[in-house]
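Participant: This is the content of query10.cif (mmCIF, C-alpha atoms):
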data_run
#
loop_
_atom_site.label_atom_id
_atom_site.label_comp_id
_atom_site.auth_asym_id
_atom_site.auth_seq_id
_atom_site.Cartn_x
_atom_site.Cartn_y
_atom_site.Cartn_z
CA MET A 182 -75.53 12.12 23.92
CA ALA A 183 -76.46 13.76 20.63
CA ILE A 184 -78.12 16.87 22.10
CA VAL A 185 -75.68 19.48 23.40
CA VAL A 186 -76.80 22.31 25.69
CA ASN A 187 -75.03 25.57 24.85
CA LEU A 188 -76.50 27.44 27.80
CA ASP A 189 -73.11 28.71 28.94
CA VAL A 190 -72.52 30.31 25.51
CA MET A 191 -75.82 32.22 25.62
CA MET A 192 -75.25 33.25 29.22
CA ALA A 193 -71.83 34.64 28.28
CA LYS A 194 -73.29 36.49 25.28
CA ARG A 195 -75.92 38.07 27.55
CA LYS A 196 -73.40 38.62 30.36
CA MET A 197 -75.68 36.80 32.79
CA SER A 198 -74.50 34.79 35.80
CA VAL A 199 -75.89 31.44 36.90
CA THR A 200 -77.35 33.14 39.98
CA GLU A 201 -79.10 35.83 37.95
CA LEU A 202 -80.52 33.35 35.43
CA ALA A 203 -81.63 30.96 38.17
CA ASN A 204 -83.55 33.79 39.84
CA LYS A 205 -85.16 34.94 36.57
CA VAL A 206 -86.16 31.41 35.56
CA ASP A 207 -87.15 30.36 39.11
CA ILE A 208 -84.98 27.24 39.04
CA THR A 209 -82.42 26.11 41.57
CA MET A 210 -78.78 26.88 40.85
CA ALA A 211 -78.07 23.15 41.15
CA ASN A 212 -80.59 22.26 38.42
CA LEU A 213 -79.40 25.10 36.22
CA SER A 214 -75.82 23.88 36.62
CA ILE A 215 -76.91 20.36 35.61
CA LEU A 216 -78.39 21.84 32.43
CA LYS A 217 -75.40 24.10 31.78
CA ASN A 218 -72.92 21.23 32.17
CA ASN A 219 -74.76 18.87 29.77
CA LYS A 220 -75.69 16.47 32.58
CA ALA A 221 -79.48 16.81 32.18
CA LYS A 222 -81.48 13.90 30.76
CA ALA A 223 -84.54 16.08 30.05
CA VAL A 224 -85.79 19.66 30.17
CA ARG A 225 -89.37 20.81 30.61
CA PHE A 226 -90.77 23.05 27.91
CA THR A 227 -91.82 25.51 30.63
CA THR A 228 -88.21 25.71 31.81
CA LEU A 229 -86.92 26.08 28.25
CA ASP A 230 -89.50 28.81 27.64
CA ALA A 231 -88.43 30.69 30.78
CA ILE A 232 -84.74 30.40 29.85
CA CYS A 233 -85.41 31.70 26.33
CA ARG A 234 -87.41 34.63 27.75
CA ALA A 235 -84.68 35.49 30.26
CA LEU A 236 -81.89 35.26 27.67
CA ASP A 237 -83.95 36.71 24.79
CA CYS A 238 -83.09 33.80 22.50
CA GLN A 239 -84.56 30.85 20.62
CA PRO A 240 -84.43 27.20 21.78
CA GLY A 241 -82.04 26.50 18.89
CA ASP A 242 -79.58 28.99 20.40
CA ILE A 243 -79.38 26.75 23.47
CA LEU A 244 -79.94 23.23 22.14
CA GLU A 245 -77.84 21.70 19.36
CA TYR A 246 -77.98 18.29 17.72
CA VAL A 247 -74.54 16.76 17.18
CA GLU A 248 -74.01 13.49 15.31
CA GLU A 249 -72.62 10.73 17.50
CA ASP A 250 -69.55 8.96 16.19
CA GLY A 251 -70.98 5.48 16.89
CA ASN A 252 -68.14 4.54 19.24
CA GLY A 253 -70.20 5.23 22.39
#
Kindly transcribe the structure held in the file into structure tokens.

Facilitator:
Amino acid sequence: MAIVVNLDVMMAKRKMSVTELANKVDITMANLSILKNNKAKAVRFTTLDAICRALDCQPGDILEYVEEDGNG
């Protein structure tokens, strides 16, 4: 997948746990873990908005485009 979720990096920078972020964003810990571990196929803009508000960051701080090597 060419989009990488750097949620764990922003959480570490903000010293925020999965539990704390899940409560602030009103998302289950399971769904947040799916996002954090790059297993998500999609993310709602409302969820992305809530994450950015909770972590005081921009979407580009969380989402990154990485070129695929073509061998996938």

Participant: For Ile232 of chain A, which residue among A:Lys194, A:Met210, A:Lys205, A:Glu245 is the nearest when counting all atoms listed in the file?

Facilitator: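 Nearest to Ile232 of chain A: A:Lys205.
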
Participant: Run the PyMOL selection byres ((chain A and resi 191) around 12) mentally over the shown coordinates, then write out the matched residues as JSON, numbers by chain, using the chain letters and numbers from the document.

Facilitator: {"A": [186, 187, 188, 189, 190, 192, 193, 194, 195, 196, 197, 198, 199, 202, 217, 232, 233, 235, 236, 237, 238, 239, 240, 241, 242, 243, 244]}

Participant: Taking the file as shown, find all residues satisfying the PyMOL selection byres ((chain A and resi 222) around 12) and write them as a ChimeraX atom specification.

Facilitator: /A:182-186,212,215-221,223-225

Participant: In Å to one decimal, how far is atom CA of Leu213 of chain A from atom CA of Tyr246 of chain A?

Facilitator: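 Atom CA of Leu213 of chain A lies 19.8 Å from atom CA of Tyr246 of chain A.
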